[in-house]
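Read the structure below first, then the notes.
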Amino acid sequence: MGERSGSTNANVVAACVKILKDLELEVQTATNAITCNKLMDLEESLWRQETLCARLKRSIYAIRPASLNAEGADLLREEASRLKAQSQIYEKLVSRASRSTAILQHLCSLYRNAARHPGRAMSMSISREA
Amino acid sequence: MIGLNSSLSIATEALGAQTAALEVANNNIANANTPGYSRQVVSLSSAASIQNGTTVDEGVSYQGFTSVRDTVLDMAINAATSDQGSLTAQNTLLTQINSAFSGTTTGIGASLSTLFSDLSALSTTPSDSSARQTVLSDANALVDAFQQGAAALSNASSAANQQVSSAVAQVNELSQQIAALNGQIASAGANGSDGGALTDQRDELTTQLAQLLGVSTTQTGGTPTLTTTNGSPLVIGDSSYQLQVTTAADGTTHVLDGQGNDITDELTGGTIGGAITARDNTIPALSQQLDALASQFASAMNNAQAAGYDLNGNPGAAMFTVPATGSAAAGITVALTNGSQIAASSDGSTGSSGNVTTLLAVQSTNLPSAANPTDSYANLVGNIGFAGSQASSGLTATTSSLQQLTSQQGSESGVSIDEETSNLIRYQQAYTASARVISTINDMYTVLMNMSLGES
Amino acid sequence: MRVDPNLSALLNIGIQGTEQALNTAVQQVATGQRVSVPSDDPAAAAENLQSLAESANVDQYTKNGDAVLSQAQMADSALSNVVSELNQAITLGTQGADGSMTSENRAAIATQVQSILSQVVSQANTTSNGVSLFAGTAATVPAFASDSTSPTGYSYQGNSGVNSTAVGDNLQVNVNVPGDQIFTNANGNVLGSLSQLISALGSGTSTDIGDAVAGVKSALTNVSQQRVIYAGVVNQINAQESYLSQETISLTSQQQSLTGVDMSTAVSNLTQAQIAHSTILAAAAKVLPTSLLDYLN
């Protein structure tokens with residue numbers, strides 16, 4: 001019984017690890033896309049990321065804890081850590097870029113309002129720093 | 001396999017590049033209304049390197065900016081700008097002149113009519129001293145009108161001289177600024193960037209210069225060169241060549257190149273070219289016509305005077321004096337001092353108006369210039385009007401074609417706030433999606449880390 | 001090709017254009033003038049100057065005609081007096097010729113005729129603004145002055161000069177008739193015949209007196225003929241003046257069509273310019289602030 005569970009678990013674990021690795025790669029791709037200002041690449045990567053996330057969820061819940069051995073667990077934790085690390089970088093980048101974009105959008109509306117109402121003083125100003 | 005440290009350094013560099021990219025976008029938007037600002041595009045490329053036999057992404061670096069501009073279009077805009085500058089200068093001067101010659105109840109034409117009308121009135125009362133005095137006053141009024149006409153033309157010439165002087169000073173300042181920028185651009189080039197904002201500035205200054213004077217721009221062996229259209233140097237690389245102005249013997253302002261050669265006749269385009277064209281071609285032609293009218297009319301009247309006798313029975317003396325040199329219209333004066341000197345009589349008797357017909361005949365007899373005085377003046381006014389309308393319609397046409405060219409330039413390198421805005425929105429949407437993914441990853445991480453081991 | 005981001009600059013130029021058209025239209029309605037500087041329409045400006053010069057000439061022709069009329073009327077009025085005086089002399093002379101007249105009677109009649117002669121000379125010396133009407137072109141002297149050496153007692157101071165004046169581009173009329181032509185004409189000498197009559201009444205026979213009276217009649221005929229000249233001039237001038245007033249109207253109308261603006265056209269242009277200007281302002285208001293953010297919001 002143990003061997004059978006272990007091999008079944010081994011396949012499931014391997015599959016999960018593969019997804020984790022793919023997701024890590026995808027997050028890296030997305031990180032590059034943001035820094036290269038490649039919006040299209042980012043959008044495509046996001047689509048793939050979302051697909052991978054869905055598969056990851058299913059994959060994780062397919063792992064029966066009762067049949068998880070130490071080796072499998074180690075593999076999963078290691079891969080998860082690496083994904084987490086990459087994701088943290090990604091998160092920091094997205095958060096910063098998002099703030100900058102918000103500021104730029106704000107600037108856009110200021111310039112447009114200035115064209116529409118040339119005399120009016122700019123009462124709104126950028127209060128947050130980039 | 002990428003270690004965490006490596007990832008962090010990539011991240012740091014990525015954040016730096018992202019900041020630069022956003023700064024560029026910020027710059028673009030802020031300069032949307034700056035004339036001459038070319039949209040800047042951040043070119044980012046991945047720097048790949050080989051490590052341990054495996055190609056590793058070592059993050060990204062940005063390679064500076066590339067300005068979007070079309071050199072040929074820029075040259076066309078400069079040429080059109082020169083035309084506009086030239087026609088604007090000419091239009092200003094000709095508008096002044098047209099206004100001075102626009103009188104119908106005043107001016108030379110009206111004064112001629114009044115003189116002849118009052119001479120004709122003498123035919124029924126030739127010995128009436130107040131009627132004679134009126135004729136003398138009319139002659140003085142006509143002389144004033146001639147002098148005012150001549151003054152209007154010479155004032156326009158003076159204004160042209162002013163325009164040339166002041167424009168040359170501006171040209172000199174701009175060429176110094178352009179030379180300095182060329183120096184900075186060359187340095188930037190040595191550092192690997194194309195000095196986008198500096199090149200924009202230099203090109204904008206070049207266009208400003210083109211408005212003042214027609215220019216040619218070339219890259220001679222990599223050195224940016226700016227000359228007048230006839231080839232006199234203004235800027236070569238980071239050196240500028242200053243023009244000078246001098247006053248010629250005839251009072252006109254001449255332009256010398258850096259070596260003291262008089263290049264006035266060779267300059268075309270821009271305020272300077274336009275002012276010189278007006279001053280040296282258009283206005284002298286008009287002055288010649290006016291002076292011919294004044295001197296030929298004076299001769300004809302003087303001859304008619306000589307054919308008759310004044311109130312005292314003496315042969316008629318000359319009515320007008322015209323200077324031997326210089327402008328006849330500016331210098332014409334009335335030579336008679338008393339109405340009694342008008343030679344109305346044909347036989348010396350005091351009450352005869354027999355010579356009035358001869359005096360009046362001057363109005364309808366062709367002068368040597370092949371038209372009678374009234375028609376000669378009408379022709380002159382027609383010529384003034386024609387020159388004015390040519391300059392004004394030329395200016396309208398040039399302004400319109402300059403608009404089209406600038407519009408083309410604008411759509412290539414201008415910045416659209418809408419476009420920038422729509423990009424920003426898409427980014428935000430992508431970031432929101434990213435945040436969702438990140439959140440999912442975090443949750444999965446927690447689950448995976450806390451997975452309890454089963455029994456093996 | 002991207003949409004021109006310099007749209008606002010183009011709109012600005014468009015707005016300036018319609019504003020300029022509007023200002024021009026307002027000015028034209030206010031002044032009634034389409035051409036105010038030569039560059040507005042060079043050919044029209046030149047033609048207009050020529051037309052104005054013609055108008056000035058026409059005005060002067062009319063004034064000249066009026067001056068001649070005035071002098072002619074004065075002259076004619078003097079001659080009319082001379083005619084009645086000559087008629088009186090004829091009546092007196094005819095009485096004197098009658099055989100029943102005594103020399104005292106004749107002497108009395110002679111005195112009356114002498115008085116008529118003075119009156120006639122006085123008429124002959126009529127002046128207008130200090131200038132003799134009948135002295136030819138000798139303006140400063142009376143036509144006839146006392147001259148004891150002259151058989152008539154008077155001699156002609158004037159000359160035979162005739163002034164003429166223009167009342168049309170190719171039409172001159174004479175301003176005056178010389179006094180000798182009227183009063184001492186060989187065909188009928190007014191002064192001579194009156195003197196002759198006075199002499200005949202003094203010492204002549206009936207026949208002599210009769211001859212003298214016949215001389216006065218010839219003089220009267222001559223004067224009447226001279227009056228016809230004046231009448232002719234008056235007619236000529238009146239006819240010319242009606243032509244001149246036509247000319248004035250047609251020249252004025254020519255000038256108006258060259259440089260003036262038809263008021264109904266001007267008003268219609270103004271309305272259109274106002275509409276064009278409002279339209280472009282409205283378009284600018286619509287286009288400028290339209291932006292994606294608005295749309296998305």
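All residue names refer to the structure tokens as shown: chains lettered A, B, ... in order, residues numbered from 1 in each chain, ligands numbered from 1 in order.
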
Using only C-alpha atoms, which protein or nucleic acid residues come within 9 Å of Val13 in chain A? Drop anything in the same chain fewer than 4 positions from it, and give the result as a list in words.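 Once the adjacent positions are removed, what remains is Thr8, Asn9, Val17, Lys18, Ser59, Ile60, Ile63, Leu68, Gly72, Ala73, Leu75 and Leu76 of chain A.
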
For range 224-237 of chain C: contacts at 12 Å, only C-alpha atoms, fewer than 5 positions along chain excluded, given as a ChimeraX atom specification: /C:61-84,86-87,134,164-168,171-183,185,187-188,190,217-219,242-244

Write the residues of the preceding selection, restricted to C-alpha atoms, as a short mmCIF file (atom, residue, chain, number, x, y, z; two decimals), in the first residue's frame.
data_model
loop_
_atom_site.label_atom_id
_atom_site.label_comp_id
_atom_site.auth_asym_id
_atom_site.auth_seq_id
_atom_site.Cartn_x
_atom_site.Cartn_y
_atom_site.Cartn_z
CA TYR C 61 -17.54 122.64 -64.81
CA THR C 62 -20.80 123.20 -63.00
CA LYS C 63 -19.30 125.99 -60.91
CA ASN C 64 -17.77 127.59 -64.00
CA GLY C 65 -21.14 127.43 -65.72
CA ASP C 66 -22.77 129.07 -62.73
CA ALA C 67 -20.16 131.86 -62.72
CA VAL C 68 -20.69 132.53 -66.41
CA LEU C 69 -24.46 132.47 -65.94
CA SER C 70 -24.20 134.99 -63.20
CA GLN C 71 -22.02 137.33 -65.27
CA ALA C 72 -24.15 136.79 -68.37
CA GLN C 73 -27.28 137.70 -66.45
CA MET C 74 -25.69 140.84 -65.13
CA ALA C 75 -24.48 141.78 -68.60
CA ASP C 76 -27.82 141.05 -70.13
CA SER C 77 -29.59 143.09 -67.54
CA ALA C 78 -27.29 146.04 -68.31
CA LEU C 79 -27.93 145.62 -72.01
CA SER C 80 -31.63 145.46 -71.40
CA ASN C 81 -31.36 148.88 -69.79
CA VAL C 82 -29.32 150.08 -72.74
CA VAL C 83 -32.03 148.87 -75.09
CA SER C 84 -34.74 150.84 -73.30
CA LEU C 86 -31.80 153.61 -76.88
CA ASN C 87 -35.51 153.30 -77.51
CA PHE C 134 -17.53 145.06 -70.89
CA SER C 164 -13.58 131.43 -72.09
CA THR C 165 -14.15 128.77 -69.54
CA ALA C 166 -14.54 125.04 -69.59
CA VAL C 167 -17.97 123.67 -68.84
CA GLY C 168 -17.21 120.21 -70.17
CA LEU C 171 -16.71 122.39 -74.18
CA GLN C 172 -15.64 125.99 -73.69
CA VAL C 173 -18.03 128.93 -73.48
CA ASN C 174 -17.13 132.57 -73.76
CA VAL C 175 -17.39 134.50 -70.55
CA ASN C 176 -17.63 138.04 -71.95
CA VAL C 177 -18.29 140.19 -75.00
CA PRO C 178 -15.87 143.11 -75.42
CA GLY C 179 -17.37 146.56 -74.91
CA ASP C 180 -16.25 147.91 -78.25
CA GLN C 181 -18.12 145.11 -79.96
CA ILE C 182 -21.31 146.21 -78.27
CA PHE C 183 -21.05 149.92 -77.89
CA ASN C 185 -19.24 148.61 -83.27
CA ASN C 187 -22.14 148.12 -87.68
CA GLY C 188 -24.01 150.02 -85.08
CA VAL C 190 -24.15 153.10 -79.68
CA LYS C 217 -31.65 152.31 -84.63
CA SER C 218 -28.70 150.42 -86.16
CA ALA C 219 -26.96 150.62 -82.82
CA SER C 242 -28.29 118.96 -66.86
CA TYR C 243 -25.75 116.69 -68.57
CA LEU C 244 -23.25 117.40 -65.80
#

Please return, as a VMD selection string, all residues of range 86-172 of chain C that DSSP assigns to strand (DSSP E) on the basis of the backbone. chain C and resid 127 to 128 131 to 132 144 to 146 154 to 156 164 to 168 171 to 172

Restricting the output to all heavy atoms, write the selected residues as a CSV table (one decimal), in the first residue's frame.
chain,number,residue,atom,x,y,z
C,127,THR,N,-19.7,146.7,-63.4
C,127,THR,CA,-18.6,145.8,-62.9
C,127,THR,C,-19.2,144.7,-62.1
C,127,THR,O,-20.3,144.8,-61.6
C,127,THR,CB,-17.7,146.6,-62.0
C,127,THR,OG1,-18.4,147.1,-60.9
C,127,THR,CG2,-16.9,147.7,-62.7
C,128,SER,N,-18.5,143.6,-62.0
C,128,SER,CA,-18.8,142.5,-61.2
C,128,SER,C,-17.6,142.2,-60.3
C,128,SER,O,-16.5,142.0,-60.9
C,128,SER,CB,-19.1,141.3,-62.0
C,128,SER,OG,-19.1,140.1,-61.2
C,131,VAL,N,-14.6,144.1,-61.4
C,131,VAL,CA,-14.0,143.9,-62.7
C,131,VAL,C,-15.1,144.3,-63.8
C,131,VAL,O,-16.3,143.9,-63.7
C,131,VAL,CB,-13.7,142.4,-62.9
C,131,VAL,CG1,-13.2,142.2,-64.4
C,131,VAL,CG2,-12.6,142.0,-61.9
C,132,SER,N,-14.7,145.1,-64.8
C,132,SER,CA,-15.7,145.6,-65.8
C,132,SER,C,-16.1,144.4,-66.6
C,132,SER,O,-15.4,143.6,-67.1
C,132,SER,CB,-15.0,146.6,-66.7
C,132,SER,OG,-14.7,147.8,-66.0
C,144,PHE,N,-15.4,152.4,-70.5
C,144,PHE,CA,-15.3,153.7,-71.2
C,144,PHE,C,-15.0,154.8,-70.2
C,144,PHE,O,-15.6,154.9,-69.1
C,144,PHE,CB,-16.7,154.0,-71.9
C,144,PHE,CG,-17.0,153.0,-73.0
C,144,PHE,CD1,-17.7,151.9,-72.8
C,144,PHE,CD2,-16.4,153.3,-74.3
C,144,PHE,CE1,-17.9,151.0,-73.9
C,144,PHE,CE2,-16.7,152.4,-75.3
C,144,PHE,CZ,-17.4,151.3,-75.1
C,145,ALA,N,-14.1,155.6,-70.6
C,145,ALA,CA,-13.7,156.7,-69.7
C,145,ALA,C,-14.0,158.1,-70.5
C,145,ALA,O,-13.9,158.1,-71.7
C,145,ALA,CB,-12.2,156.7,-69.3
C,146,SER,N,-14.2,159.1,-69.7
C,146,SER,CA,-14.4,160.4,-70.3
C,146,SER,C,-13.1,160.8,-71.1
C,146,SER,O,-12.0,160.6,-70.6
C,146,SER,CB,-14.6,161.5,-69.3
C,146,SER,OG,-15.8,161.1,-68.5
C,154,TYR,N,-16.1,160.0,-75.0
C,154,TYR,CA,-15.7,158.8,-74.2
C,154,TYR,C,-14.7,158.0,-75.1
C,154,TYR,O,-14.9,158.0,-76.3
C,154,TYR,CB,-16.9,157.9,-73.8
C,154,TYR,CG,-17.8,158.6,-72.9
C,154,TYR,CD1,-19.0,159.2,-73.5
C,154,TYR,CD2,-17.6,158.8,-71.6
C,154,TYR,CE1,-19.9,159.8,-72.6
C,154,TYR,CE2,-18.5,159.4,-70.7
C,154,TYR,CZ,-19.7,159.9,-71.3
C,154,TYR,OH,-20.6,160.5,-70.4
C,155,SER,N,-13.8,157.4,-74.5
C,155,SER,CA,-13.0,156.5,-75.3
C,155,SER,C,-13.0,155.1,-74.5
C,155,SER,O,-13.1,155.0,-73.3
C,155,SER,CB,-11.6,157.0,-75.5
C,155,SER,OG,-11.0,157.3,-74.3
C,156,TYR,N,-12.8,154.1,-75.3
C,156,TYR,CA,-12.9,152.7,-74.8
C,156,TYR,C,-11.5,152.4,-74.2
C,156,TYR,O,-10.5,152.5,-74.9
C,156,TYR,CB,-13.2,151.8,-76.0
C,156,TYR,CG,-13.3,150.3,-75.6
C,156,TYR,CD1,-14.2,149.9,-74.6
C,156,TYR,CD2,-12.6,149.3,-76.3
C,156,TYR,CE1,-14.3,148.6,-74.2
C,156,TYR,CE2,-12.7,148.0,-75.9
C,156,TYR,CZ,-13.5,147.6,-74.9
C,156,TYR,OH,-13.6,146.3,-74.5
C,164,SER,N,-12.7,132.6,-72.0
C,164,SER,CA,-13.6,131.4,-72.1
C,164,SER,C,-13.3,130.5,-70.9
C,164,SER,O,-12.3,130.6,-70.3
C,164,SER,CB,-13.4,130.7,-73.4
C,164,SER,OG,-12.1,130.1,-73.4
C,165,THR,N,-14.3,129.7,-70.7
C,165,THR,CA,-14.2,128.8,-69.5
C,165,THR,C,-14.7,127.4,-69.9
C,165,THR,O,-15.5,127.3,-70.9
C,165,THR,CB,-14.9,129.3,-68.3
C,165,THR,OG1,-14.6,128.5,-67.2
C,165,THR,CG2,-16.4,129.2,-68.5
C,166,ALA,N,-14.1,126.4,-69.3
C,166,ALA,CA,-14.5,125.0,-69.6
C,166,ALA,C,-15.8,124.7,-68.8
C,166,ALA,O,-15.8,124.9,-67.6
C,166,ALA,CB,-13.4,124.1,-69.2
C,167,VAL,N,-16.8,124.2,-69.5
C,167,VAL,CA,-18.0,123.7,-68.8
C,167,VAL,C,-18.2,122.2,-69.2
C,167,VAL,O,-19.2,121.6,-68.9
C,167,VAL,CB,-19.2,124.5,-69.2
C,167,VAL,CG1,-19.1,125.9,-68.5
C,167,VAL,CG2,-19.5,124.6,-70.6
C,168,GLY,N,-17.2,121.6,-69.8
C,168,GLY,CA,-17.2,120.2,-70.2
C,168,GLY,C,-15.8,119.8,-70.6
C,168,GLY,O,-15.0,120.7,-70.8
C,171,LEU,N,-15.8,121.3,-73.9
C,171,LEU,CA,-16.7,122.4,-74.2
C,171,LEU,C,-16.3,123.7,-73.5
C,171,LEU,O,-16.2,123.7,-72.2
C,171,LEU,CB,-18.1,122.0,-73.7
C,171,LEU,CG,-19.2,122.9,-74.1
C,171,LEU,CD1,-19.3,123.2,-75.5
C,171,LEU,CD2,-20.6,122.3,-73.6
C,172,GLN,N,-16.0,124.7,-74.3
C,172,GLN,CA,-15.6,126.0,-73.7
C,172,GLN,C,-16.8,126.9,-74.0
C,172,GLN,O,-17.3,126.9,-75.1
C,172,GLN,CB,-14.4,126.5,-74.3
C,172,GLN,CG,-13.1,125.7,-74.1
C,172,GLN,CD,-12.4,126.0,-72.9
C,172,GLN,OE1,-12.1,125.2,-72.0
C,172,GLN,NE2,-12.0,127.3,-72.8

Return as a VMD selection string the full set of residues in range 187-314 of chain B whose backbone-based DSSP assignment is alpha helix (DSSP H). chain B and resid 187 to 190 196 to 212 270 to 277 283 to 306

To one decimal place, how far is CA of Val35 in chain C from CA of Thr259 in chain C in Å?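 Answer for the CA of Val35 in chain C to CA of Thr259 in chain C separation: 4.8 Å.
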
Name all residues at most 7 Å from Arg77 in chain A (count only C-alpha atoms; drop same-chain ones fewer than 3 positions away) and give them as a PDB file with all heavy atoms, in the first residue's frame.
ATOM      1  N   ALA A  73       7.620  16.278   0.293  1.00  0.00           N
ATOM      2  CA  ALA A  73       7.340  17.521   1.018  1.00  0.00           C
ATOM      3  C   ALA A  73       8.497  18.502   0.860  1.00  0.00           C
ATOM      4  O   ALA A  73       8.280  19.709   0.654  1.00  0.00           O
ATOM      5  CB  ALA A  73       7.085  17.218   2.500  1.00  0.00           C
ATOM      6  N   ASP A  74       9.738  17.995   0.935  1.00  0.00           N
ATOM      7  CA  ASP A  74      10.907  18.868   0.778  1.00  0.00           C
ATOM      8  C   ASP A  74      10.917  19.539  -0.592  1.00  0.00           C
ATOM      9  O   ASP A  74      11.189  20.734  -0.714  1.00  0.00           O
ATOM     10  CB  ASP A  74      12.204  18.070   0.957  1.00  0.00           C
ATOM     11  CG  ASP A  74      12.531  17.869   2.437  1.00  0.00           C
ATOM     12  OD1 ASP A  74      11.936  18.612   3.269  1.00  0.00           O
ATOM     13  OD2 ASP A  74      13.361  17.012   2.745  1.00  0.00           O
ATOM     14  N   ALA A  80       8.217  25.934  -3.661  1.00  0.00           N
ATOM     15  CA  ALA A  80       7.297  26.982  -3.212  1.00  0.00           C
ATOM     16  C   ALA A  80       8.059  28.204  -2.735  1.00  0.00           C
ATOM     17  O   ALA A  80       7.667  29.345  -2.988  1.00  0.00           O
ATOM     18  CB  ALA A  80       6.379  26.438  -2.109  1.00  0.00           C
ATOM     19  N   SER A  81       9.186  27.944  -2.050  1.00  0.00           N
ATOM     20  CA  SER A  81       9.990  29.064  -1.553  1.00  0.00           C
ATOM     21  C   SER A  81      10.548  29.886  -2.689  1.00  0.00           C
ATOM     22  O   SER A  81      10.570  31.114  -2.644  1.00  0.00           O
ATOM     23  CB  SER A  81      11.155  28.548  -0.691  1.00  0.00           C
ATOM     24  OG  SER A  81      10.638  27.925   0.471  1.00  0.00           O
TER      25      SER A  81
ATOM     26  N   LEU B 448       1.241  25.221   1.035  1.00  0.00           N
ATOM     27  CA  LEU B 448       2.311  24.251   0.788  1.00  0.00           C
ATOM     28  C   LEU B 448       3.260  24.154   1.970  1.00  0.00           C
ATOM     29  O   LEU B 448       3.718  23.060   2.332  1.00  0.00           O
ATOM     30  CB  LEU B 448       3.090  24.639  -0.464  1.00  0.00           C
ATOM     31  CG  LEU B 448       2.363  24.365  -1.794  1.00  0.00           C
ATOM     32  CD1 LEU B 448       3.082  25.020  -2.960  1.00  0.00           C
ATOM     33  CD2 LEU B 448       2.231  22.858  -2.028  1.00  0.00           C
ATOM     34  N   MET B 449       3.609  25.265   2.551  1.00  0.00           N
ATOM     35  CA  MET B 449       4.553  25.237   3.672  1.00  0.00           C
ATOM     36  C   MET B 449       3.965  24.523   4.877  1.00  0.00           C
ATOM     37  O   MET B 449       4.683  23.912   5.669  1.00  0.00           O
ATOM     38  CB  MET B 449       4.977  26.673   4.073  1.00  0.00           C
ATOM     39  CG  MET B 449       5.747  27.405   3.022  1.00  0.00           C
ATOM     40  SD  MET B 449       7.149  26.491   2.348  1.00  0.00           S
ATOM     41  CE  MET B 449       8.401  26.908   3.527  1.00  0.00           C
TER      42      MET B 449
END

Please, which residues of chain C lie no more than 9 Å from chain B when the count uses only C-alpha atoms, and can they be set out as a PyMOL selection string? chain C and resi 1-7+10+36-50+52-54+56-57+59-61+63-64+67-68+71+129-131+135-140+159+161-166+175+291-293

So that I can see what lies close to Glu91 in chain A, please list as a ChimeraX atom specification the residues with an atom at most 12 Å from it, counting only C-alpha atoms and leaving out residues fewer than 2 positions away in the same chain. /A:27-28,30-31,34,83-89,93-98 /B:11,15,431-442

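Taking CA of Gly260 in chain C and CA of Gln240 in chain C as the two end points, the separation is 28.5 Å.
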
Skip range 96-103 of chain C itself and residues of its chain fewer than 5 positions away, then list as an mmCIF file with C-alpha atoms, in the first residue's frame all residues within 9 Å of it, counting only C-alpha atoms.
data_model
loop_
_atom_site.group_PDB
_atom_site.id
_atom_site.type_symbol
_atom_site.label_atom_id
_atom_site.label_comp_id
_atom_site.auth_asym_id
_atom_site.auth_seq_id
_atom_site.Cartn_x
_atom_site.Cartn_y
_atom_site.Cartn_z
ATOM 1 C CA THR C 91 -38.359 158.427 -79.639
ATOM 2 C CA ALA C 108 -33.782 170.631 -74.832
ATOM 3 C CA ILE C 109 -34.069 167.243 -76.518
ATOM 4 C CA ALA C 110 -30.335 167.227 -77.111
ATOM 5 C CA LEU C 201 -30.165 168.141 -82.627
ATOM 6 C CA GLY C 202 -27.804 170.956 -81.840
ATOM 7 C CA SER C 203 -27.032 172.186 -85.282
ATOM 8 C CA THR C 205 -31.245 169.745 -90.169
ATOM 9 C CA SER C 206 -34.269 167.527 -89.860
ATOM 10 C CA THR C 207 -32.621 165.313 -92.365
ATOM 11 C CA ASP C 208 -29.498 165.194 -90.295
ATOM 12 C CA ILE C 209 -31.535 164.370 -87.229
ATOM 13 C CA GLY C 210 -33.414 161.713 -89.180
ATOM 14 C CA VAL C 213 -31.961 158.512 -85.494
#

Quick one: everything within 8 Å of Leu23 in chain A, counting only C-alpha atoms, minus sequence neighbours fewer than 3 positions away in the same chain. Send it as a VMD selection string. chain A and resid 19 to 20 26 to 27 49 52 to 53 83
